[in-house]
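Heads up, the thing below is written out as structure tokens.
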Amino acid sequence: MPELPEVEVTRRSFESRIAGAQILSVTLGKPLRWPLGRDPASLAGRRVLGVRRRGKYLLVDLDEGGGVLLVHLGMSGSLRFADDLPAPGVHDHFDMATDRGVLRLHDPRRFGAVVWAAGEADPAARKLLQNLGPEPLEDGFSFEGFHAGLQASRAPIKLLLLSGKVVVGVGNIYASEVLFLAGIRPTARASSIGPVRARRLHAAIREVLARAVERGGSTLRDFSSADGNAGHFQLEANVYGREQQPCRVCGTPIRLLRQGQRSTFYCQRCQRT
């Protein structure tokens with residue numbers, strides 16, 4: 001599943017190229033997770049003001065009265081933006097043709113979505129965005145608020161990170177990585193994490209996600225940015241996907257366990273508590 005770094009990498013790969021573009025047409029393929037919510041023909045003539053990100057959603061802002069398109073990549077989605085794309089294939093479900101190229105959502109499993117809303121106050125947008133936690137790479141992600149969120153939860157720390165309540169966008173790959181860097185066992189109860197360990201975890205979230213964005217995200221199967229480039233963070237992962245391989249720090253075999261039907265990787269020696 002594309003996680004926050006992959007979504008941010010995608011945004012950066014086409015935002016400057018599509019900003020100012022005029023929409024010529026919008027074409028839909030098979031139904032996605034949620035309907036567009038507007039006649040696609042009504043978007044023709046609008047201009048793209050820019051592309052923002054909130055959690056794992058991309059927000060494509062349109063000019064006055066045009067609203068905003070909220071794009072989610074789901075489990076297997078990816079965006080491409082180019083002026084030489086071939087005809088849509090069976091897994092291409094949204095094409096927005098502009099005078100600078102075509103923005104296309106490719107999604108084999110169809111858990112992704114493109115939703116139109118009049119603005120972020122629109123109920124359609126609020127339903128998707130209002131419960132998202134703080135952005136980990138922005139100033140609003142304060143240690144004080146993060147630590148308070150940990151103290152208020154009895155859930156295992158890995159599952160709390162995945163929930164998006166105390167911080168948004170720390171998906172399965174990066175949750176395992178940040179817990180390793182912070183030296184915290186993924187099964188530790190969140191409320192048991194004191195201020196010293198919590199500060200290490202807060203710093204690890206920022207460090208791992210920033211590094212993942214710098215490395216172009218993680219390409220485990222077929223993720224690529226909007227300009228077709230694969231990510232490379234998976235090549236330097238410390239624990240994720242490395243079951244039974246030696247820990248890069250202590251040499252202990254990496255272990256795998258299941259939490260909430262998700263795979264968790266950790267080093268029992270480096271993450272003792």
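Starting from 1 in every chain, residues are counted up; chains themselves are A, B, ... following the order of the structure tokens, and ligands are numbered from 1 as listed.
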
Find the spatial neighbours of range 135-144 of chain A, counting only C-alpha atoms, within a cut-off of 8 Å - ignore same-chain residues fewer than 6 positions away - and output them as a list in words.
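Result of the neighbour search: Arg54, Gly55, Val167, Val168, Gly169, Arg199, His202, Ile205, Arg206, Leu209 and Ala210 of chain A.
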
Output the selection as a JSON list (two decimals), in the first residue's frame - all heavy atoms for each residue.
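Dumped everything to out.json:
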[["chain", "number", "residue", "atom", "x", "y", "z"],
["A", 54, "ARG", "N", -2.66, 15.76, 2.54],
["A", 54, "ARG", "CA", -3.11, 15.63, 3.93],
["A", 54, "ARG", "C", -3.16, 14.15, 4.24],
["A", 54, "ARG", "O", -3.99, 13.42, 3.70],
["A", 54, "ARG", "CB", -4.48, 16.26, 4.12],
["A", 54, "ARG", "CG", -4.99, 16.19, 5.58],
["A", 54, "ARG", "CD", -4.17, 17.08, 6.49],
["A", 54, "ARG", "NE", -4.73, 17.10, 7.85],
["A", 54, "ARG", "CZ", -4.26, 16.35, 8.85],
["A", 54, "ARG", "NH1", -3.22, 15.54, 8.66],
["A", 54, "ARG", "NH2", -4.82, 16.42, 10.04],
["A", 55, "GLY", "N", -2.22, 13.68, 5.09],
["A", 55, "GLY", "CA", -2.12, 12.25, 5.32],
["A", 55, "GLY", "C", -1.78, 11.54, 4.03],
["A", 55, "GLY", "O", -0.83, 11.89, 3.33],
["A", 167, "VAL", "N", -0.53, 10.52, 15.18],
["A", 167, "VAL", "CA", 0.24, 11.05, 14.06],
["A", 167, "VAL", "C", -0.28, 10.37, 12.80],
["A", 167, "VAL", "O", -0.63, 9.20, 12.82],
["A", 167, "VAL", "CB", 1.76, 10.79, 14.25],
["A", 167, "VAL", "CG1", 2.06, 9.31, 14.34],
["A", 167, "VAL", "CG2", 2.56, 11.45, 13.13],
["A", 168, "VAL", "N", -0.36, 11.11, 11.73],
["A", 168, "VAL", "CA", -0.94, 10.56, 10.50],
["A", 168, "VAL", "C", 0.15, 10.02, 9.58],
["A", 168, "VAL", "O", 1.27, 10.54, 9.56],
["A", 168, "VAL", "CB", -1.79, 11.63, 9.78],
["A", 168, "VAL", "CG1", -0.90, 12.68, 9.13],
["A", 168, "VAL", "CG2", -2.72, 11.00, 8.75],
["A", 169, "GLY", "N", -0.16, 8.96, 8.85],
["A", 169, "GLY", "CA", 0.70, 8.54, 7.76],
["A", 169, "GLY", "C", 1.80, 7.56, 8.09],
["A", 169, "GLY", "O", 2.57, 7.20, 7.20],
["A", 199, "ARG", "N", 10.27, 10.52, 23.38],
["A", 199, "ARG", "CA", 11.02, 11.52, 22.61],
["A", 199, "ARG", "C", 11.85, 10.86, 21.52],
["A", 199, "ARG", "O", 11.98, 11.39, 20.41],
["A", 199, "ARG", "CB", 11.89, 12.36, 23.54],
["A", 199, "ARG", "CG", 12.38, 13.64, 22.90],
["A", 199, "ARG", "CD", 13.03, 14.56, 23.89],
["A", 199, "ARG", "NE", 12.09, 15.17, 24.82],
["A", 199, "ARG", "CZ", 11.34, 16.23, 24.53],
["A", 199, "ARG", "NH1", 11.41, 16.78, 23.33],
["A", 199, "ARG", "NH2", 10.52, 16.73, 25.43],
["A", 202, "HIS", "N", 9.34, 9.97, 18.79],
["A", 202, "HIS", "CA", 8.92, 11.18, 18.08],
["A", 202, "HIS", "C", 9.99, 11.56, 17.05],
["A", 202, "HIS", "O", 9.68, 11.86, 15.88],
["A", 202, "HIS", "CB", 8.70, 12.29, 19.08],
["A", 202, "HIS", "CG", 8.20, 13.57, 18.50],
["A", 202, "HIS", "ND1", 9.04, 14.60, 18.12],
["A", 202, "HIS", "CD2", 6.94, 14.00, 18.23],
["A", 202, "HIS", "CE1", 8.33, 15.60, 17.64],
["A", 202, "HIS", "NE2", 7.05, 15.28, 17.69],
["A", 205, "ILE", "N", 10.18, 8.99, 14.09],
["A", 205, "ILE", "CA", 9.12, 9.15, 13.09],
["A", 205, "ILE", "C", 9.53, 10.20, 12.07],
["A", 205, "ILE", "O", 9.43, 10.00, 10.85],
["A", 205, "ILE", "CB", 7.79, 9.52, 13.77],
["A", 205, "ILE", "CG1", 7.25, 8.32, 14.56],
["A", 205, "ILE", "CG2", 6.76, 9.99, 12.75],
["A", 205, "ILE", "CD1", 6.08, 8.66, 15.47],
["A", 206, "ARG", "N", 10.00, 11.33, 12.55],
["A", 206, "ARG", "CA", 10.43, 12.39, 11.63],
["A", 206, "ARG", "C", 11.60, 11.93, 10.76],
["A", 206, "ARG", "O", 11.62, 12.15, 9.55],
["A", 206, "ARG", "CB", 10.84, 13.63, 12.43],
["A", 206, "ARG", "CG", 9.71, 14.40, 13.07],
["A", 206, "ARG", "CD", 10.27, 15.67, 13.70],
["A", 206, "ARG", "NE", 9.28, 16.50, 14.35],
["A", 206, "ARG", "CZ", 8.53, 17.40, 13.73],
["A", 206, "ARG", "NH1", 8.63, 17.55, 12.42],
["A", 206, "ARG", "NH2", 7.66, 18.13, 14.40],
["A", 209, "LEU", "N", 10.56, 8.98, 8.12],
["A", 209, "LEU", "CA", 9.69, 9.43, 7.03],
["A", 209, "LEU", "C", 10.39, 10.43, 6.12],
["A", 209, "LEU", "O", 10.22, 10.39, 4.90],
["A", 209, "LEU", "CB", 8.40, 10.03, 7.61],
["A", 209, "LEU", "CG", 7.49, 9.05, 8.33],
["A", 209, "LEU", "CD1", 6.21, 9.74, 8.79],
["A", 209, "LEU", "CD2", 7.14, 7.84, 7.46],
["A", 210, "ALA", "N", 11.19, 11.31, 6.70],
["A", 210, "ALA", "CA", 11.94, 12.26, 5.86],
["A", 210, "ALA", "C", 12.93, 11.52, 4.97],
["A", 210, "ALA", "O", 13.09, 11.86, 3.78],
["A", 210, "ALA", "CB", 12.67, 13.27, 6.75]]

Quick one: contact table of range 158-209 of chain A to range 130-133 of chain A, 12 Å max, nearest atom pair and distance in Å to one decimal per residue, counting only C-alpha atoms, chain and number order, as a tab-separated table?
residue	atom	partner	partner_atom	distance
A:Leu160	CA	A:Gly133	CA	11.3
A:Leu161	CA	A:Gly133	CA	10.1
A:Leu162	CA	A:Gly133	CA	10.9
A:Ser163	CA	A:Gly133	CA	9.1
A:Gly164	CA	A:Gly133	CA	5.6
A:Lys165	CA	A:Gly133	CA	4.9
A:Val166	CA	A:Gly133	CA	5.4
A:Val167	CA	A:Gly133	CA	4.7
A:Val168	CA	A:Gly133	CA	4.8
A:Gly169	CA	A:Gly133	CA	8.5
A:Val170	CA	A:Gly133	CA	10.4

Take the selection from the previous step and output its residues with N, CA, C and O atoms, as a PDB file, in the first residue's frame.
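Contents of part.pdb, as written:
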ATOM      1  N   LEU A 160      -1.302   1.630  17.575  1.00  0.00           N
ATOM      2  CA  LEU A 160      -1.669   3.039  17.755  1.00  0.00           C
ATOM      3  C   LEU A 160      -1.064   3.888  16.642  1.00  0.00           C
ATOM      4  O   LEU A 160      -1.722   4.783  16.106  1.00  0.00           O
ATOM      5  N   LEU A 161       0.177   3.613  16.270  1.00  0.00           N
ATOM      6  CA  LEU A 161       0.790   4.358  15.170  1.00  0.00           C
ATOM      7  C   LEU A 161       0.006   4.149  13.871  1.00  0.00           C
ATOM      8  O   LEU A 161      -0.201   5.094  13.097  1.00  0.00           O
ATOM      9  N   LEU A 162      -0.420   2.926  13.621  1.00  0.00           N
ATOM     10  CA  LEU A 162      -1.164   2.636  12.390  1.00  0.00           C
ATOM     11  C   LEU A 162      -2.536   3.309  12.373  1.00  0.00           C
ATOM     12  O   LEU A 162      -3.085   3.582  11.300  1.00  0.00           O
ATOM     13  N   SER A 163      -3.097   3.577  13.545  1.00  0.00           N
ATOM     14  CA  SER A 163      -4.452   4.135  13.615  1.00  0.00           C
ATOM     15  C   SER A 163      -4.531   5.564  13.094  1.00  0.00           C
ATOM     16  O   SER A 163      -5.610   6.030  12.719  1.00  0.00           O
ATOM     17  N   GLY A 164      -3.417   6.286  13.085  1.00  0.00           N
ATOM     18  CA  GLY A 164      -3.420   7.664  12.614  1.00  0.00           C
ATOM     19  C   GLY A 164      -3.959   8.666  13.618  1.00  0.00           C
ATOM     20  O   GLY A 164      -4.153   9.836  13.280  1.00  0.00           O
ATOM     21  N   LYS A 165      -4.177   8.249  14.866  1.00  0.00           N
ATOM     22  CA  LYS A 165      -4.768   9.153  15.857  1.00  0.00           C
ATOM     23  C   LYS A 165      -3.739  10.112  16.452  1.00  0.00           C
ATOM     24  O   LYS A 165      -4.033  11.281  16.670  1.00  0.00           O
ATOM     25  N   VAL A 166      -2.544   9.618  16.747  1.00  0.00           N
ATOM     26  CA  VAL A 166      -1.529  10.479  17.380  1.00  0.00           C
ATOM     27  C   VAL A 166      -0.594  11.105  16.354  1.00  0.00           C
ATOM     28  O   VAL A 166       0.065  12.102  16.626  1.00  0.00           O
ATOM     29  N   VAL A 167      -0.532  10.515  15.179  1.00  0.00           N
ATOM     30  CA  VAL A 167       0.244  11.052  14.061  1.00  0.00           C
ATOM     31  C   VAL A 167      -0.279  10.371  12.803  1.00  0.00           C
ATOM     32  O   VAL A 167      -0.630   9.197  12.818  1.00  0.00           O
ATOM     33  N   VAL A 168      -0.362  11.106  11.727  1.00  0.00           N
ATOM     34  CA  VAL A 168      -0.942  10.557  10.499  1.00  0.00           C
ATOM     35  C   VAL A 168       0.147  10.023   9.581  1.00  0.00           C
ATOM     36  O   VAL A 168       1.269  10.544   9.561  1.00  0.00           O
ATOM     37  N   GLY A 169      -0.161   8.959   8.855  1.00  0.00           N
ATOM     38  CA  GLY A 169       0.703   8.537   7.761  1.00  0.00           C
ATOM     39  C   GLY A 169       1.799   7.562   8.088  1.00  0.00           C
ATOM     40  O   GLY A 169       2.574   7.196   7.203  1.00  0.00           O
ATOM     41  N   VAL A 170       1.915   7.114   9.359  1.00  0.00           N
ATOM     42  CA  VAL A 170       2.944   6.129   9.691  1.00  0.00           C
ATOM     43  C   VAL A 170       2.350   4.748   9.416  1.00  0.00           C
ATOM     44  O   VAL A 170       1.808   4.094  10.296  1.00  0.00           O
TER      45      VAL A 170
END

Find the residue from A:Ala125, A:Val7, A:Val115, A:Ala44 that sits nearest to Ser76 in chain A; use only C-alpha atoms when measuring.
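Looking only at the distances to Ser76 in chain A, the closest residue turns out to be A:Val7.
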
As a short mmCIF file (atom, residue, chain, number, x, y, z; two decimals) with C-alpha atoms, in the first residue's frame, please: the residues near Gly45 in chain A (cut-off 12 Å, only C-alpha atoms, same-chain neighbours under 2 positions excluded).
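In the end it all went to selection_3.cif:
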data_model
loop_
_atom_site.label_atom_id
_atom_site.label_comp_id
_atom_site.auth_asym_id
_atom_site.auth_seq_id
_atom_site.Cartn_x
_atom_site.Cartn_y
_atom_site.Cartn_z
CA GLY A 20 -1.83 26.33 -13.76
CA ALA A 21 -3.00 23.65 -16.21
CA GLN A 22 -6.48 23.90 -17.70
CA ILE A 23 -8.66 20.79 -17.54
CA LEU A 24 -9.84 19.68 -20.97
CA SER A 25 -11.82 16.57 -19.99
CA VAL A 26 -12.27 13.97 -17.26
CA PRO A 40 -16.98 14.73 -14.76
CA ALA A 41 -17.89 16.91 -17.75
CA SER A 42 -18.49 19.86 -15.38
CA LEU A 43 -14.79 19.96 -14.50
CA ARG A 47 -7.64 25.33 -13.84
CA VAL A 48 -5.46 23.46 -11.37
CA LEU A 62 -9.16 23.93 -8.67
CA ASP A 63 -9.79 27.59 -9.44
CA GLU A 64 -12.62 29.62 -7.92
CA GLY A 65 -15.84 27.62 -7.76
CA GLY A 66 -14.13 24.47 -8.97
CA MET A 96 -7.92 14.06 -16.29
CA ALA A 97 -6.70 15.52 -19.57
CA THR A 98 -5.17 19.00 -19.30
CA ASP A 99 -3.35 21.32 -21.67
#

Hey, what does DSSP flag as strand (DSSP E) within range 46-246 of chain A? Can you give it to me as a ChimeraX atom specification?
/A:48-54,57-62,68-72,78-82,92-98,101-106,113-117

Dump of C-alpha atoms for the selected residues, as a short mmCIF file (atom, residue, chain, number, x, y, z; two decimals), in the first residue's frame:
data_model
loop_
_atom_site.label_atom_id
_atom_site.label_comp_id
_atom_site.auth_asym_id
_atom_site.auth_seq_id
_atom_site.Cartn_x
_atom_site.Cartn_y
_atom_site.Cartn_z
CA VAL A 48 -5.46 23.46 -11.37
CA LEU A 49 -4.14 25.82 -8.73
CA GLY A 50 -1.85 23.31 -7.04
CA VAL A 51 -1.56 19.96 -5.28
CA ARG A 52 -1.39 19.55 -1.50
CA ARG A 53 -1.23 16.49 0.74
CA ARG A 54 -3.11 15.63 3.93
CA TYR A 57 -4.76 12.07 0.46
CA LEU A 58 -3.67 14.33 -2.37
CA LEU A 59 -5.76 17.48 -2.66
CA VAL A 60 -5.91 18.91 -6.17
CA ASP A 61 -7.15 22.48 -5.78
CA LEU A 62 -9.16 23.93 -8.67
CA VAL A 68 -11.03 20.26 -4.76
CA LEU A 69 -10.34 16.70 -5.88
CA LEU A 70 -9.30 14.33 -3.09
CA VAL A 71 -7.20 11.49 -4.47
CA HIS A 72 -6.40 8.33 -2.49
CA SER A 78 -0.40 5.04 -8.59
CA LEU A 79 -0.63 8.29 -10.52
CA ARG A 80 1.08 9.19 -13.79
CA PHE A 81 1.22 12.62 -15.35
CA ALA A 82 2.53 12.87 -18.90
CA ASP A 92 -6.87 2.80 -15.52
CA HIS A 93 -9.92 4.31 -13.83
CA PHE A 94 -9.50 8.10 -13.90
CA ASP A 95 -8.04 10.28 -16.65
CA MET A 96 -7.92 14.06 -16.29
CA ALA A 97 -6.70 15.52 -19.57
CA THR A 98 -5.17 19.00 -19.30
CA GLY A 101 -0.68 16.40 -20.00
CA VAL A 102 -2.93 13.66 -18.62
CA LEU A 103 -3.21 12.80 -14.94
CA ARG A 104 -4.09 9.10 -14.72
CA LEU A 105 -4.97 6.88 -11.75
CA HIS A 106 -3.91 3.28 -12.29
CA ALA A 113 -10.67 6.92 -5.11
CA VAL A 114 -11.04 10.38 -6.59
CA VAL A 115 -13.69 12.41 -4.76
CA TRP A 116 -14.84 15.92 -5.61
CA ALA A 117 -15.78 18.35 -2.84
#

10 Å contact set for range 183-194 of chain A, only C-alpha atoms, chain neighbours under 2 positions out, as a ChimeraX atom specification
/A:147-161,175-181,196-201,204,257,259,264-273

From range 10-96 of chain A, collect each residue whose DSSP state is alpha helix (DSSP H) and return the set as a PDB file with C-alpha atoms, in the first residue's frame.
ATOM      1  CA  THR A  10       3.999  11.387  -5.948  1.00  0.00           C
ATOM      2  CA  ARG A  11       2.844  14.928  -5.137  1.00  0.00           C
ATOM      3  CA  ARG A  12       6.298  16.398  -5.605  1.00  0.00           C
ATOM      4  CA  SER A  13       6.769  14.574  -8.897  1.00  0.00           C
ATOM      5  CA  PHE A  14       3.958  16.391 -10.724  1.00  0.00           C
ATOM      6  CA  GLU A  15       2.752  19.363  -8.637  1.00  0.00           C
ATOM      7  CA  SER A  16       4.910  21.980 -10.353  1.00  0.00           C
ATOM      8  CA  ARG A  17       4.083  20.620 -13.798  1.00  0.00           C
ATOM      9  CA  ILE A  18       0.297  20.568 -13.376  1.00  0.00           C
TER      10      ILE A  18
END

Can you tell me, as a PyMOL selection string, what residues are no more than 9 Å from Phe223 in chain A when counting only C-alpha atoms, ignoring any on the same chain fewer than 5 positions away?
chain A and resi 1-2+6+76-78+217-218+228-231
